[in-house]
Structure formats: structure tokens, C-alpha cells
file run_26.txt (compact mmCIF, C-alpha atoms)
# COMPACT_ATOMS: atom_id res chain seq x y z
CA MET A 92 0.00 0.00 0.00
CA SER A 93 2.66 2.47 1.01
CA GLN A 94 4.83 1.14 -1.80
CA ALA A 95 2.23 2.36 -4.32
CA GLY A 96 2.08 5.74 -2.60
CA THR A 97 5.85 6.11 -2.69
CA VAL A 98 5.96 5.13 -6.37
CA MET A 99 3.34 7.77 -7.17
CA GLN A 100 5.29 10.35 -5.23
CA ALA A 101 8.46 9.36 -7.06
CA GLN A 102 6.68 9.61 -10.41
CA LYS A 103 5.40 13.08 -9.58
CA MET A 104 8.89 14.11 -8.53
CA VAL A 105 10.34 12.83 -11.80
CA GLU A 106 7.66 14.68 -13.82
CA GLN A 107 8.38 17.90 -11.98
CA LEU A 108 12.13 17.51 -12.38
CA ARG A 109 11.65 16.85 -16.10
CA GLU A 110 9.71 20.11 -16.46
CA GLN A 111 12.32 21.98 -14.51
CA ALA A 112 15.22 20.50 -16.48
CA ALA A 113 13.52 21.58 -19.72
CA LEU A 114 13.22 25.24 -18.69
CA ASP A 115 14.88 27.88 -20.80
CA ARG A 116 17.73 29.49 -19.00
CA ILE A 117 19.31 32.66 -20.26
CA LYS A 118 22.94 33.49 -19.81
CA VAL A 119 24.00 35.19 -16.60
CA SER A 120 25.75 37.87 -18.68
CA ASP A 121 22.49 38.80 -20.41
CA SER A 122 20.29 38.75 -17.36
CA SER A 123 22.86 40.66 -15.29
CA ARG A 124 22.98 43.35 -17.96
CA ASP A 125 19.18 43.60 -17.90
CA LEU A 126 19.15 43.81 -14.13
CA ILE A 127 21.76 46.54 -14.12
CA SER A 128 20.07 48.55 -16.85
CA TYR A 129 16.73 48.30 -14.99
CA VAL A 130 18.36 49.64 -11.84
CA GLN A 131 20.09 52.44 -13.67
CA GLN A 132 16.96 53.45 -15.56
CA ASN A 133 14.99 53.72 -12.33
CA GLU A 134 17.67 55.31 -10.21
CA ALA A 135 16.31 58.80 -10.76
CA MET A 136 12.94 57.82 -9.31
CA ASP A 137 14.33 56.06 -6.27
CA PRO A 138 13.71 58.39 -3.34
CA LEU A 139 16.53 56.85 -1.30
CA VAL A 140 19.14 57.33 -4.00
CA ASN A 141 17.76 60.62 -5.33
CA PRO A 142 15.86 62.35 -2.54
CA ALA A 143 12.91 64.23 -3.92
CA GLU A 144 12.02 67.76 -2.94
CA ASN A 145 8.44 66.87 -2.04
CA ASN A 146 9.03 64.09 0.46
CA PRO A 147 5.59 63.63 2.06
CA PHE A 148 7.13 62.18 5.22
CA LYS A 149 9.31 65.17 5.92
CA GLU A 150 8.08 67.47 8.63
CA ARG A 151 6.49 70.54 7.13
CA ASN A 152 7.64 73.91 8.34
CA LYS A 153 5.27 74.71 11.18
CA CYS A 154 5.93 78.45 11.28
CA ILE A 155 3.06 80.69 10.28
CA LEU A 156 3.56 84.23 9.10
CA LEU A 157 1.29 86.58 11.03
CA MET B 72 4.28 0.27 -12.94
CA ALA B 73 7.76 1.65 -13.01
CA ASP B 74 10.31 0.41 -10.56
CA LEU B 75 10.86 2.69 -7.56
CA GLU B 76 14.61 2.34 -7.91
CA GLN B 77 14.41 3.32 -11.59
CA LEU B 78 12.43 6.41 -10.71
CA ARG B 79 14.89 7.40 -8.00
CA GLN B 80 17.74 6.99 -10.45
CA GLU B 81 15.93 9.07 -13.05
CA ALA B 82 15.30 11.77 -10.46
CA GLU B 83 19.01 11.84 -9.63
CA ASN B 84 19.91 12.08 -13.30
CA LEU B 85 17.48 14.95 -13.77
CA ARG B 86 18.89 16.78 -10.76
CA LYS B 87 22.35 16.49 -12.26
CA LYS B 88 20.98 17.72 -15.59
CA ILE B 89 19.59 20.78 -13.81
CA ARG B 90 22.90 21.44 -12.08
CA ASP B 91 24.71 21.20 -15.41
CA ALA B 92 22.20 23.44 -17.15
CA ARG B 93 22.71 26.08 -14.47
CA MET B 94 26.46 25.90 -14.86
CA ALA B 95 26.20 26.09 -18.63
CA VAL B 96 24.66 29.56 -18.52
CA ALA B 97 26.99 30.83 -15.81
CA ASP B 98 29.30 32.53 -18.30
CA THR B 99 30.06 35.34 -15.87
CA SER B 100 28.86 36.74 -12.56
CA LEU B 101 26.76 39.73 -11.63
CA SER B 102 29.76 41.19 -9.80
CA GLU B 103 31.86 41.07 -12.94
CA VAL B 104 29.21 42.62 -15.15
CA ALA B 105 28.58 45.30 -12.56
CA SER B 106 32.24 46.09 -11.96
CA GLU B 107 32.11 49.12 -14.25
CA VAL B 108 28.99 50.56 -12.62
CA PRO B 109 29.81 53.66 -10.56
CA PRO B 110 28.88 53.29 -6.89
CA ILE B 111 25.99 55.32 -5.52
CA ASN B 112 26.39 57.87 -2.79
CA ARG B 113 26.00 56.75 0.77
CA ILE B 114 22.32 56.64 1.64
CA SER B 115 21.47 58.35 4.88
CA LEU B 116 18.34 57.03 6.48
CA ARG B 117 16.41 59.20 8.88
CA THR B 118 13.44 58.39 10.98
CA ARG B 119 10.67 60.56 9.63
CA LYS B 120 7.65 59.32 11.51
CA THR B 121 7.05 57.27 14.61
CA LEU B 122 3.71 55.54 14.83
CA ARG B 123 2.82 55.01 18.45
CA GLY B 124 -0.15 53.08 19.71
CA HIS B 125 0.62 49.40 19.89
CA LEU B 126 1.06 47.96 23.37
CA ALA B 127 3.08 44.88 22.56
CA LYS B 128 5.52 43.50 20.01
CA ILE B 129 4.68 44.40 16.44
CA TYR B 130 5.10 41.34 14.26
CA ALA B 131 4.28 42.62 10.82
CA MET B 132 3.37 45.59 8.75
CA HIS B 133 2.36 46.13 5.14
CA TRP B 134 2.04 49.29 3.05
CA ALA B 135 -1.11 49.99 1.10
CA SER B 136 -0.69 50.56 -2.64
CA ASP B 137 -1.08 54.31 -2.14
CA SER B 138 2.20 54.27 -0.20
CA ARG B 139 0.46 56.38 2.40
CA ASN B 140 -1.61 54.04 4.53
CA LEU B 141 -0.19 50.99 6.19
CA VAL B 142 -1.42 48.20 8.43
CA SER B 143 0.48 46.80 11.40
CA ALA B 144 -0.21 43.74 13.54
CA SER B 145 0.74 43.42 17.18
CA GLN B 146 0.43 40.70 19.76
CA ASP B 147 -1.52 43.16 21.85
CA GLY B 148 -4.33 41.72 19.71
CA LYS B 149 -4.83 44.68 17.39
CA LEU B 150 -4.45 45.53 13.75
CA ILE B 151 -3.93 49.25 13.29
CA VAL B 152 -4.39 50.99 9.96
CA TRP B 153 -2.35 54.19 9.92
CA ASP B 154 -2.08 57.28 7.78
CA ALA B 155 1.69 57.50 7.64
CA TYR B 156 1.67 61.14 6.47
CA THR B 157 -0.14 62.38 9.60
CA THR B 158 0.58 59.41 11.94
CA ASN B 159 -3.16 59.27 12.63
CA LYS B 160 -4.79 55.93 13.29
CA ILE B 161 -7.52 55.30 10.79
CA HIS B 162 -8.72 52.00 12.25
CA ALA B 163 -7.86 50.02 15.35
CA ILE B 164 -9.19 46.52 14.79
CA PRO B 165 -9.45 44.15 17.76
CA LEU B 166 -8.53 40.59 16.80
CA ARG B 167 -10.17 37.37 17.92
CA SER B 168 -6.75 35.83 18.41
CA SER B 169 -3.91 37.98 19.69
CA TRP B 170 -1.21 35.61 18.39
CA VAL B 171 -0.90 37.36 15.11
CA MET B 172 2.19 36.89 12.97
CA THR B 173 1.37 38.54 9.67
CA CYS B 174 -0.85 41.13 8.05
CA ALA B 175 -1.56 42.35 4.56
CA TYR B 176 -3.25 45.28 2.83
CA ALA B 177 -5.33 44.53 -0.26
CA PRO B 178 -4.17 46.44 -3.37
CA SER B 179 -7.62 48.03 -3.64
CA GLY B 180 -7.38 49.36 -0.10
CA SER B 181 -10.73 47.82 0.80
CA PHE B 182 -9.50 44.91 2.90
CA VAL B 183 -6.79 43.90 5.30
CA ALA B 184 -5.92 40.38 6.39
CA CYS B 185 -4.03 38.82 9.25
CA GLY B 186 -3.29 35.50 10.87
CA GLY B 187 -0.94 33.67 13.18
CA LEU B 188 -1.04 30.86 15.70
CA ASP B 189 -4.76 30.46 15.19
CA ASN B 190 -3.93 28.91 11.77
CA ILE B 191 -6.61 31.12 10.26
CA CYS B 192 -6.33 33.91 7.69
CA SER B 193 -8.92 36.50 8.73
CA ILE B 194 -10.10 39.03 6.18
CA TYR B 195 -11.42 42.39 7.41
CA SER B 196 -13.51 44.72 5.31
CA LEU B 197 -12.53 48.36 5.78
CA LYS B 198 -15.27 49.80 3.65
CA THR B 199 -18.53 48.45 5.00
CA ARG B 200 -21.78 50.32 4.44
CA GLU B 201 -22.22 50.77 8.19
CA GLY B 202 -18.85 52.44 8.39
CA ASN B 203 -17.30 50.02 10.86
CA VAL B 204 -14.61 47.41 10.27
CA ARG B 205 -15.66 43.82 10.57
CA VAL B 206 -14.44 40.32 9.82
CA SER B 207 -15.66 39.46 6.38
CA LYS B 208 -14.17 35.96 6.14
CA GLU B 209 -12.14 33.50 8.14
CA LEU B 210 -10.13 31.22 5.90
CA GLN B 211 -9.63 27.94 7.70
CA GLY B 212 -7.74 24.93 6.48
CA HIS B 213 -4.10 25.33 7.33
CA THR B 214 -2.92 22.91 9.98
CA GLY B 215 -0.06 25.14 11.04
CA TYR B 216 0.47 28.79 11.90
CA LEU B 217 -0.05 31.46 9.29
CA SER B 218 3.37 32.98 8.65
CA SER B 219 2.50 35.28 5.77
CA CYS B 220 -0.37 36.34 3.54
CA ARG B 221 -0.66 38.54 0.46
CA PHE B 222 -3.73 39.62 -1.52
CA LEU B 223 -3.67 39.05 -5.26
CA ASP B 224 -6.87 41.09 -5.51
CA ASP B 225 -10.06 41.55 -3.50
CA SER B 226 -11.19 38.01 -4.21
CA ARG B 227 -7.97 36.00 -3.86
CA ILE B 228 -5.28 35.74 -1.25
CA LEU B 229 -2.10 33.69 -0.93
CA THR B 230 -1.01 32.28 2.40
CA SER B 231 2.09 30.54 3.71
CA SER B 232 2.02 28.31 6.75
CA GLY B 233 3.97 26.39 9.36
CA ASP B 234 2.21 23.32 7.97
CA MET B 235 4.81 23.48 5.16
CA SER B 236 2.36 24.52 2.48
CA CYS B 237 1.13 27.65 0.76
CA GLY B 238 -2.46 28.18 -0.28
CA LEU B 239 -4.43 30.21 -2.77
CA TRP B 240 -7.89 31.06 -1.43
CA ASP B 241 -11.17 32.19 -2.93
CA ILE B 242 -12.16 34.75 -0.33
CA GLU B 243 -15.82 35.03 -1.25
CA HIS B 244 -16.44 31.31 -0.83
CA GLY B 245 -13.99 31.00 2.03
CA GLN B 246 -12.26 28.05 0.37
CA GLN B 247 -8.75 27.07 -0.50
CA VAL B 248 -8.54 26.73 -4.27
CA LEU B 249 -4.95 25.57 -4.69
CA GLY B 250 -2.39 24.08 -2.34
CA PHE B 251 1.32 24.46 -2.98
CA VAL B 252 2.99 21.49 -1.41
CA GLY B 253 6.64 20.63 -1.63
CA HIS B 254 8.50 22.37 1.15
CA THR B 255 9.79 20.09 3.87
CA GLY B 256 9.93 22.77 6.53
CA ASP B 257 7.76 25.60 7.86
CA VAL B 258 7.13 28.12 5.12
CA MET B 259 8.04 31.46 6.62
CA SER B 260 7.44 34.02 3.91
CA LEU B 261 6.03 34.67 0.52
CA SER B 262 6.36 37.44 -2.03
CA VAL B 263 4.15 37.89 -5.06
CA GLY B 264 5.73 38.79 -8.39
CA PRO B 265 4.68 41.96 -10.20
CA ASP B 266 2.71 39.94 -12.76
CA ASN B 267 0.48 38.54 -9.99
CA ASN B 268 0.96 35.06 -11.44
CA THR B 269 4.09 33.89 -9.67
CA PHE B 270 5.23 33.98 -6.09
CA VAL B 271 8.29 32.91 -4.19
CA SER B 272 8.17 31.14 -0.84
CA GLY B 273 10.98 30.84 1.68
CA ALA B 274 11.01 28.02 4.19
CA CYS B 275 12.89 26.45 7.06
CA ASP B 276 14.02 23.64 4.75
CA ALA B 277 16.73 26.01 3.50
CA THR B 278 15.13 26.41 0.10
CA SER B 279 13.16 29.01 -1.76
CA LYS B 280 10.62 27.87 -4.29
CA LEU B 281 9.21 29.84 -7.16
CA TRP B 282 5.62 28.91 -7.97
CA ASP B 283 3.34 29.66 -10.87
CA ILE B 284 -0.23 30.09 -9.64
CA ARG B 285 -1.58 28.92 -12.94
CA VAL B 286 0.38 25.69 -12.89
CA VAL B 287 0.46 24.68 -9.19
CA SER B 288 3.65 22.66 -9.38
CA ALA B 289 6.76 24.62 -8.52
CA THR B 290 8.03 26.08 -11.76
CA ARG B 291 11.63 26.29 -10.84
CA PRO B 292 13.96 23.83 -9.23
CA SER B 293 14.29 24.81 -5.60
CA LEU B 294 17.07 27.22 -5.08
CA ASP B 295 19.03 25.90 -2.20
CA MET B 296 20.46 28.05 0.44
CA ARG B 297 22.44 26.71 3.24
CA VAL B 298 20.26 27.73 6.10
CA THR B 299 16.77 28.65 7.13
CA SER B 300 15.45 31.25 4.85
CA THR B 301 12.96 33.71 6.14
CA PRO B 302 12.09 36.90 4.32
CA SER B 303 11.72 36.78 0.54
CA LEU B 304 11.07 39.68 -1.75
CA PHE B 305 10.60 39.95 -5.48
CA PHE B 306 12.75 42.32 -7.49
CA PRO B 307 10.43 45.01 -8.92
CA ASN B 308 10.65 43.90 -12.54
CA GLY B 309 10.03 40.27 -11.66
CA GLN B 310 13.41 39.10 -12.91
CA GLY B 311 14.79 38.14 -9.56
CA PHE B 312 14.11 37.81 -5.90
CA ALA B 313 16.04 38.26 -2.68
CA THR B 314 16.09 36.27 0.52
CA GLY B 315 17.39 36.69 4.03
CA SER B 316 18.87 33.78 5.94
CA ASP B 317 20.06 32.61 9.32
CA ASP B 318 23.61 32.75 8.02
CA ALA B 319 23.40 36.57 8.00
CA LEU B 320 23.46 36.72 4.22
CA CYS B 321 21.03 38.34 1.85
CA ARG B 322 21.00 36.50 -1.43
CA LEU B 323 19.83 37.72 -4.78
CA PHE B 324 18.52 35.10 -7.21
CA ASP B 325 18.36 35.52 -10.94
CA ILE B 326 15.12 33.90 -12.11
CA ARG B 327 15.86 33.84 -15.80
CA ALA B 328 19.31 32.32 -15.43
CA ASP B 329 17.84 30.09 -12.73
CA GLN B 330 20.56 30.61 -10.19
CA HIS B 331 21.97 32.46 -7.27
CA SER B 332 23.34 35.79 -8.33
CA ARG B 333 24.89 37.58 -5.41
CA SER B 334 25.33 37.36 -1.67
CA LEU B 335 25.43 40.43 0.45
CA HIS B 336 26.69 40.60 3.97
CA LEU B 337 26.87 43.43 6.42
CA ILE B 338 30.50 44.36 6.86
CA SER B 339 30.22 44.67 10.61
CA ILE B 340 28.90 41.14 10.99
CA GLY B 341 31.44 39.71 8.61
CA LYS B 342 31.44 36.83 6.21
CA PRO B 343 30.73 33.45 7.78
call {"tool": "encode", "arguments": {"input": "run_26.txt", "output": "C-alpha cells"}}
result
Amino acid sequence: MSQAGTVMQAQKMVEQLREQAALDRIKVSDSSRDLISYVQQNEAMDPLVNPAENNPFKERNKCILL
Amino acid sequence: MADLEQLRQEAENLRKKIRDARMAVADTSLSEVASEVPPINRISLRTRKTLRGHLAKIYAMHWASDSRNLVSASQDGKLIVWDAYTTNKIHAIPLRSSWVMTCAYAPSGSFVACGGLDNICSIYSLKTREGNVRVSKELQGHTGYLSSCRFLDDSRILTSSGDMSCGLWDIEHGQQVLGFVGHTGDVMSLSVGPDNNTFVSGACDATSKLWDIRVVSATRPSLDMRVTSTPSLFFPNGQGFATGSDDALCRLFDIRADQHSRSLHLISIGKP
């Protein structure tokens, strides 16, 4: 009984591994370049790297002119 | 019926094939490709707001999609929804179980969810006609603690659990639609990819798994890390994800090259 269960599990594992082995993998050089270009393209909009003038979390000046 | 030994052998062969395929595309490293990139200026972080109100340890928080509101969960038995611009509390939601470990804000802003040692993912509606916040659904089914949850939309939520599985739930019917089984340790975290079709789970079995919601079986061979992996987070364009581990390393994984890309360690802690 448990033998059948284990065989089924093993079959499922083999199926999954087959799918995973057949995946397309791109070269690390290409994907690294894409990653880097994505980061560089978005650097300007990153508020940690390029602090914006209108940071909504910054304390507003509380002085009032009378 | 195929011989168990044959299947085990085939599995081993396939694992080797995967290892070889990964090595075959490793023509360089991220460090090498990035060596010409100028470093950024030192980032100075400043506390801008302090949100006070919880009376016990805060276990989780999650920003709303407007990047203004956020929800936090504390073991004082409350979920608090805050306006981070003004530090005002918008809602203080008493929980049925105070052993909360995770919370999530729905992308629409209409719901929040939480769960923990009660093994239940509770969904709260923030926009009821009566104007009060109430439990709209309790998603039961996990046989272990709820470690993380994330809304895909108002009708579906993903959960990860100490029962070693993740689940996709139909909120309206209160039912689990898909179970993601495969981890051999408590699943501690999950992060949904920007396409809303894939998510990564990190577990105490020292692996991260990348799942496709449409396909149920893990799409990628588990990426092994040496130690318990807890937080996971998708890279914003969906091409990678990062994990944190007990070995004090943050790792970046390249999804399309199907391998580990970079390890980062804090200089003051030092390399293991």
C-alpha cells in the first residue's frame, strides 16, 4: 500500500524535475545586464538614491507668518 | 508500474541535468558585469515618523498601494491601519486571536488580512456600508500557523504556513482553491511577483521555491540556500528575488538564469 504511494510520489517528482530540467535558462551575462540597466533606468525615481524635494514624510515647516 | 529504484535513479539524473544546465549559462557573474557601474552615494536614512499606539511587540506591517496608509499587527491583539503622512490611526481593529504573525493590505485598499497561531487567515472589510470594520471571512484549512499572507486582488489571497504549504484562497467562498505542497519545513514568507501570477516562498528547509499560480507545481527547481530562509522579496521587474537567511546573508537570485546571483553581507557582521 505504502509502496504504491511512494511510487506515485516518485513519479510526480520525476515529472516535476523533467519540467524543470527543460526550462529555458538565459545566460547570466544577459540577465545581469538587464538587471543593471533596470536599476540604472529607475535610479532617478528612487527616493533613497535621489531624494525628492516633495518628500511627504518630511516634517512641514510649522511656522506661520502673522 | 515503473520500478521505484528506476524512478529514484531518473530523479538523480534529472537533478544532475539541472545542475549542469545552471552551470552552462553561468558565463560570468553579476559582480563582474557590474564592476564598471559607478557606486551610488552613501544613503542616509532618517526616521521621519514614529507611529505610536501598539502595546506589545509588532510582528508585521504592510504598506497599502497608495504608499500612504499601512497596516500593522501586534500581539496586543490589534491591527492598526495608519495614515503615515499624519501618523493618525484610521482604524484600530481588535482581533479574535492575539497571536498574530502577519498582516496584509489589499491592493484596492478595501481589505486587510491577518493570521498567526490560530492557523486562520482572517479578512477584514474596511469599507462596509455601516462604516465600521468587521471580519468578512475566516479562511480555515491550514494545519499550522499562518506565517505570511498577500492579496492578489479583493477576491484571492495567498497564504504561507507552518504546515509546510502555501495556499491560494477564494475569499468570497472561504475556500482554498490551490495548495502548494513541496516544502519540507515551515514556510516562513512569501512574495508575489509583479505579474500577480508567480510567487516565491521561503522556508525552514533552507530552500526558496518559485511557484506559478496557474500551474500549481513549482516552476523552478528549488534554489538551495544553506540555512533557514525567512524573508523573501521579489525584485520590482520580476526578474529576480532576494532572501534573508540565518547565516546573515542576503541573497539575490536571478530567475531567468535560474541561479543564485549575489550574496550580500553586512561588513560589521562579517562573512561566515
call {"tool": "closest_residue", "arguments": {"input": "run_26.txt", "among": "B:Ser334, B:Asn267, B:Ser260, B:Ser196", "to": "Ser279 in chain B", "atoms": "all atoms listed in the file"}}
result
B:Ser260
call {"tool": "closest_residue", "arguments": {"input": "run_26.txt", "among": "B:Leu217, B:Val183, B:Ile284, B:Ile89", "to": "chain A", "atoms": "only C-alpha atoms"}}
result
B:Ile89
call {"tool": "interface_residues", "arguments": {"input": "run_26.txt", "of": "chain A", "to": "chain B", "cutoff": "10 Å", "atoms": "only C-alpha atoms", "output": "tab-separated table (two decimals) with C-alpha atoms, keeping the file's coordinate frame"}}
result
chain	number	residue	atom	x	y	z
A	94	GLN	CA	4.83	1.14	-1.80
A	95	ALA	CA	2.23	2.36	-4.32
A	97	THR	CA	5.85	6.11	-2.69
A	98	VAL	CA	5.96	5.13	-6.37
A	99	MET	CA	3.34	7.77	-7.17
A	100	GLN	CA	5.29	10.35	-5.23
A	101	ALA	CA	8.46	9.36	-7.06
A	102	GLN	CA	6.68	9.61	-10.41
A	103	LYS	CA	5.40	13.08	-9.58
A	104	MET	CA	8.89	14.11	-8.53
A	105	VAL	CA	10.34	12.83	-11.80
A	106	GLU	CA	7.66	14.68	-13.82
A	107	GLN	CA	8.38	17.90	-11.98
A	108	LEU	CA	12.13	17.51	-12.38
A	109	ARG	CA	11.65	16.85	-16.10
A	110	GLU	CA	9.71	20.11	-16.46
A	111	GLN	CA	12.32	21.98	-14.51
A	112	ALA	CA	15.22	20.50	-16.48
A	113	ALA	CA	13.52	21.58	-19.72
A	114	LEU	CA	13.22	25.24	-18.69
A	115	ASP	CA	14.88	27.88	-20.80
A	116	ARG	CA	17.73	29.49	-19.00
A	117	ILE	CA	19.31	32.66	-20.26
A	118	LYS	CA	22.94	33.49	-19.81
A	119	VAL	CA	24.00	35.19	-16.60
A	120	SER	CA	25.75	37.87	-18.68
A	121	ASP	CA	22.49	38.80	-20.41
A	122	SER	CA	20.29	38.75	-17.36
A	123	SER	CA	22.86	40.66	-15.29
A	124	ARG	CA	22.98	43.35	-17.96
A	125	ASP	CA	19.18	43.60	-17.90
A	126	LEU	CA	19.15	43.81	-14.13
A	127	ILE	CA	21.76	46.54	-14.12
A	129	TYR	CA	16.73	48.30	-14.99
A	130	VAL	CA	18.36	49.64	-11.84
A	131	GLN	CA	20.09	52.44	-13.67
A	134	GLU	CA	17.67	55.31	-10.21
A	139	LEU	CA	16.53	56.85	-1.30
A	140	VAL	CA	19.14	57.33	-4.00
A	141	ASN	CA	17.76	60.62	-5.33
A	142	PRO	CA	15.86	62.35	-2.54
A	146	ASN	CA	9.03	64.09	0.46
A	147	PRO	CA	5.59	63.63	2.06
A	148	PHE	CA	7.13	62.18	5.22
A	149	LYS	CA	9.31	65.17	5.92
A	150	GLU	CA	8.08	67.47	8.63
call {"tool": "atom_distance", "arguments": {"input": "run_26.txt", "atom1": "CA of Ile164 in chain B", "atom2": "CA of Asp189 in chain B"}}
result
16.7 Å
call {"tool": "atom_distance", "arguments": {"input": "run_26.txt", "atom1": "CA of Phe182 in chain B", "atom2": "CA of Gly250 in chain B"}}
result
22.6 Å
call {"tool": "atom_distance", "arguments": {"input": "run_26.txt", "atom1": "CA of Pro110 in chain B", "atom2": "CA of Val263 in chain B"}}
result
29.2 Å
call {"tool": "axis_aligned_box", "arguments": {"input": "run_26.txt", "around": "range 86-96 of chain B", "padding_each_side": "8 Å", "output": "lines of an AutoDock Vina configuration file"}}
result
center_x = 22.7
center_y = 23.0
center_z = -14.7
size_x = 23.6
size_y = 29.1
size_z = 23.9
call {"tool": "residues_around", "arguments": {"input": "run_26.txt", "residues": "Gly256 in chain B", "least_positions_apart": "2", "cutoff": "8 Å", "atoms": "all atoms listed in the file", "output": "VMD selection string"}}
result
chain B and resid 233 to 235 254 258 274 to 276
call {"tool": "closest_residue", "arguments": {"input": "run_26.txt", "among": "B:Cys321, B:Gly187, B:Ser316, B:Val248", "to": "Gln146 in chain B", "atoms": "all atoms listed in the file"}}
result
B:Gly187
